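Let me begin by presenting the structure, written as structure tokens, before commenting on it.
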Amino acid sequence: MFDDILAAIPFGIFLAFTIGPVFFVLLETGATKGFKSALIFDLGVIFADIIFIVLALYSTNNLIDKIEDDPNFLIFGGVILVVYGVISFIKTSKSFRSIVKEYHKVQIKKNEYGKLFFKGFFLNFVNIGVLIGWLIFIAAGNTITETKQGLYTFVITILVVYFLIDLLKIAAAKRLRSKLTPRLIFKTKKIVSLVILGFGVLLLIRGIFPKGAERLQDEIEHRL
């Protein structure tokens, strides 16, 4: 069991620092809304991860091949992220006054925590790459561990390490809150919206032009 935990720790660290929409929104939420809000958002992210883990554990072995071979999954996720990014950017552009009010707000309403939880879940769940990542992690766990119990320990450790590092990221982002002005928060939200939009466009490109994306990736890896 101890060996399974040690083997899983690097995977958890890698997952925690994987750059994606969730990474940027988590930091933005921690910096602009505080620790508790970012924690609720992250719990939504973790809930989506748990669903992916269940799917990965009890799916057929060729599920990852089906996902990678079917570009519709990437196109669907890309469209969702692009639409979300555009709406978020437009909404932010028209909401400077509400950002000022939120900046001076002492408490956040409970129903807003529900929105944050769903936001974390949604952003993670629509990214099909997260499911593929968990399928790969579990496949690696099957080769590292010797029992089903060992595999469960391996996966749970990844999730726990991932969550603990997220808490550190939130705490670090929260320290910036005192230095953020409403104008800077406004600009940060717009940048994060554009980042989400960019990830959506990348998924669309990979889905619409799969061969071109593979050639580009091979060329980049060859140059590196």
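By convention here, the chains of the structure tokens are called A, B, ... in the order presented, each chain's residues are numbered starting at 1, and ligands are numbered starting at 1 in the order presented.
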Give me the residues within 7 Å of stretch 24-41 of chain A as number ranges by chain, counting only C-alpha atoms and dropping any in the same chain fewer than 3 places off. A: 20-21, 44-45, 113, 116-117, 119-120, 169-171, 173-174, 176-177, 185, 192
Please list as a PyMOL selection string every residue within 12 Å of A:Asn142, counting only C-alpha atoms and excluding residues in the same chain fewer than 3 positions away. chain A and resi 4+7-8+56-57+61+135-139+145-155
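Checking A:Asn124, A:Ile208, A:Gly200, A:Ile46 one by one against A:Ile80, counting only C-alpha atoms, you find the shortest gap at A:Gly200.
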What separation in Å, quoted to one decimal, exists between atom CA of A:Leu43 and atom CA of A:Phe2? 26.2 Å
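Taking atom CA of A:Phe89 as the reference point, atom CA of A:Ile75 is found at 20.7 Å.
Going from atom CA of A:Phe122 over to atom CA of A:Gly85, you cover 12.7 Å.
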Write out as number ranges by chain the residues lying within 12 Å of A:Asp49, counting only C-alpha atoms and excluding same-chain residues fewer than 3 positions away. A: 15, 22, 42-46, 52-56, 120-135, 155-156, 158-160, 162-163
Produce a file of the selected residues containing N, CA, C and O atoms, as a CSV table (one decimal), in the first residue's frame.
```
chain,number,residue,atom,x,y,z
A,15,LEU,N,-0.7,16.3,-12.4
A,15,LEU,CA,-2.1,16.7,-12.7
A,15,LEU,C,-2.4,18.1,-12.1
A,15,LEU,O,-3.1,18.9,-12.8
A,22,VAL,N,-9.3,25.2,-16.2
A,22,VAL,CA,-9.6,25.1,-14.7
A,22,VAL,C,-8.4,25.7,-14.0
A,22,VAL,O,-8.7,26.4,-12.9
A,42,ASP,N,-13.3,24.4,-6.7
A,42,ASP,CA,-12.4,23.3,-6.8
A,42,ASP,C,-13.1,22.0,-6.4
A,42,ASP,O,-12.8,20.9,-7.0
A,43,LEU,N,-14.0,22.0,-5.5
A,43,LEU,CA,-14.8,20.8,-5.2
A,43,LEU,C,-15.7,20.4,-6.4
A,43,LEU,O,-15.9,19.2,-6.6
A,44,GLY,N,-16.2,21.4,-7.1
A,44,GLY,CA,-16.9,21.0,-8.4
A,44,GLY,C,-16.0,20.3,-9.4
A,44,GLY,O,-16.4,19.4,-10.0
A,45,VAL,N,-14.7,20.8,-9.5
A,45,VAL,CA,-13.7,20.2,-10.3
A,45,VAL,C,-13.5,18.8,-9.9
A,45,VAL,O,-13.4,17.9,-10.7
A,46,ILE,N,-13.3,18.6,-8.6
A,46,ILE,CA,-13.0,17.3,-8.1
A,46,ILE,C,-14.2,16.3,-8.3
A,46,ILE,O,-14.0,15.1,-8.6
A,52,PHE,N,-15.2,11.0,-13.9
A,52,PHE,CA,-14.3,10.5,-14.9
A,52,PHE,C,-13.6,9.2,-14.4
A,52,PHE,O,-13.4,8.3,-15.2
A,53,ILE,N,-13.2,9.2,-13.1
A,53,ILE,CA,-12.5,8.1,-12.6
A,53,ILE,C,-13.4,6.8,-12.6
A,53,ILE,O,-13.0,5.7,-12.9
A,54,VAL,N,-14.7,7.0,-12.2
A,54,VAL,CA,-15.6,5.9,-12.2
A,54,VAL,C,-15.8,5.4,-13.6
A,54,VAL,O,-15.8,4.2,-13.9
A,55,LEU,N,-15.9,6.3,-14.6
A,55,LEU,CA,-16.0,5.9,-16.0
A,55,LEU,C,-14.8,5.1,-16.5
A,55,LEU,O,-14.9,4.1,-17.2
A,56,ALA,N,-13.6,5.7,-16.1
A,56,ALA,CA,-12.4,5.0,-16.5
A,56,ALA,C,-12.2,3.7,-15.9
A,56,ALA,O,-11.7,2.7,-16.5
A,120,GLY,N,-17.1,25.0,-11.7
A,120,GLY,CA,-15.9,24.1,-11.6
A,120,GLY,C,-16.2,22.7,-12.2
A,120,GLY,O,-15.4,22.2,-13.0
A,121,PHE,N,-17.4,22.2,-11.9
A,121,PHE,CA,-17.8,20.9,-12.5
A,121,PHE,C,-17.9,21.0,-14.0
A,121,PHE,O,-17.4,20.1,-14.7
A,122,PHE,N,-18.5,22.0,-14.5
A,122,PHE,CA,-18.8,22.2,-15.9
A,122,PHE,C,-17.5,22.3,-16.7
A,122,PHE,O,-17.3,21.7,-17.7
A,123,LEU,N,-16.6,23.2,-16.2
A,123,LEU,CA,-15.4,23.5,-17.0
A,123,LEU,C,-14.5,22.2,-17.1
A,123,LEU,O,-13.8,22.0,-18.1
A,124,ASN,N,-14.5,21.4,-16.0
A,124,ASN,CA,-13.7,20.2,-16.0
A,124,ASN,C,-14.4,19.1,-16.8
A,124,ASN,O,-13.7,18.3,-17.6
A,125,PHE,N,-15.7,19.0,-16.7
A,125,PHE,CA,-16.4,17.9,-17.3
A,125,PHE,C,-16.5,18.0,-18.9
A,125,PHE,O,-16.5,17.0,-19.5
A,126,VAL,N,-16.5,19.2,-19.4
A,126,VAL,CA,-16.6,19.3,-20.9
A,126,VAL,C,-15.3,19.1,-21.5
A,126,VAL,O,-15.2,19.0,-22.8
A,127,ASN,N,-14.2,19.1,-20.8
A,127,ASN,CA,-12.8,18.9,-21.3
A,127,ASN,C,-12.6,17.4,-21.4
A,127,ASN,O,-12.2,16.7,-20.4
A,128,ILE,N,-12.7,16.8,-22.6
A,128,ILE,CA,-12.6,15.4,-22.8
A,128,ILE,C,-11.2,14.9,-22.5
A,128,ILE,O,-10.9,13.7,-22.2
A,129,GLY,N,-10.2,15.9,-22.6
A,129,GLY,CA,-8.8,15.5,-22.3
A,129,GLY,C,-8.6,15.1,-20.9
A,129,GLY,O,-7.7,14.3,-20.6
A,130,VAL,N,-9.5,15.5,-20.0
A,130,VAL,CA,-9.4,15.1,-18.6
A,130,VAL,C,-9.7,13.6,-18.4
A,130,VAL,O,-9.0,12.9,-17.7
A,131,LEU,N,-10.8,13.2,-19.2
A,131,LEU,CA,-11.1,11.8,-19.1
A,131,LEU,C,-10.0,10.9,-19.7
A,131,LEU,O,-9.6,9.9,-19.1
A,132,ILE,N,-9.4,11.4,-20.8
A,132,ILE,CA,-8.3,10.7,-21.4
A,132,ILE,C,-7.1,10.6,-20.4
A,132,ILE,O,-6.5,9.5,-20.3
A,133,GLY,N,-6.9,11.7,-19.7
A,133,GLY,CA,-5.8,11.7,-18.7
A,133,GLY,C,-6.0,10.7,-17.6
A,133,GLY,O,-5.1,9.9,-17.2
A,134,TRP,N,-7.3,10.6,-17.1
A,134,TRP,CA,-7.6,9.6,-16.1
A,134,TRP,C,-7.5,8.2,-16.6
A,134,TRP,O,-7.0,7.2,-15.9
A,135,LEU,N,-7.9,8.0,-17.8
A,135,LEU,CA,-7.7,6.6,-18.4
A,135,LEU,C,-6.2,6.2,-18.5
A,135,LEU,O,-5.9,5.1,-18.2
A,155,VAL,N,-5.2,5.6,-7.2
A,155,VAL,CA,-6.1,6.7,-7.8
A,155,VAL,C,-6.5,7.7,-6.7
A,155,VAL,O,-6.5,8.9,-7.0
A,156,ILE,N,-6.9,7.2,-5.5
A,156,ILE,CA,-7.2,8.1,-4.4
A,156,ILE,C,-6.1,9.0,-4.1
A,156,ILE,O,-6.3,10.2,-3.8
A,158,ILE,N,-3.6,10.1,-6.0
A,158,ILE,CA,-3.5,11.1,-7.0
A,158,ILE,C,-4.5,12.2,-6.8
A,158,ILE,O,-4.1,13.4,-6.8
A,159,LEU,N,-5.7,11.8,-6.5
A,159,LEU,CA,-6.8,12.8,-6.3
A,159,LEU,C,-6.5,13.7,-5.0
A,159,LEU,O,-6.7,14.9,-5.0
A,160,VAL,N,-6.0,13.0,-4.0
A,160,VAL,CA,-5.7,13.8,-2.7
A,160,VAL,C,-4.6,14.7,-2.9
A,160,VAL,O,-4.6,15.9,-2.5
A,162,TYR,N,-3.5,16.0,-5.7
A,162,TYR,CA,-4.0,17.1,-6.6
A,162,TYR,C,-4.8,18.1,-5.8
A,162,TYR,O,-4.6,19.3,-6.0
A,163,PHE,N,-5.7,17.7,-5.0
A,163,PHE,CA,-6.5,18.6,-4.2
A,163,PHE,C,-5.7,19.4,-3.2
A,163,PHE,O,-5.9,20.6,-3.1
```
Long-range neighbours of A:Ala16 as a ChimeraX atom specification, 9 Å cut-off, only C-alpha atoms, 4 positions minimum in chain: /A:11-12,23,161-166
May I ask which of the residues A:Phe199, A:Phe118, A:Arg175, A:Tyr84 is the closest one to A:Phe47, counting only C-alpha atoms? A:Phe118
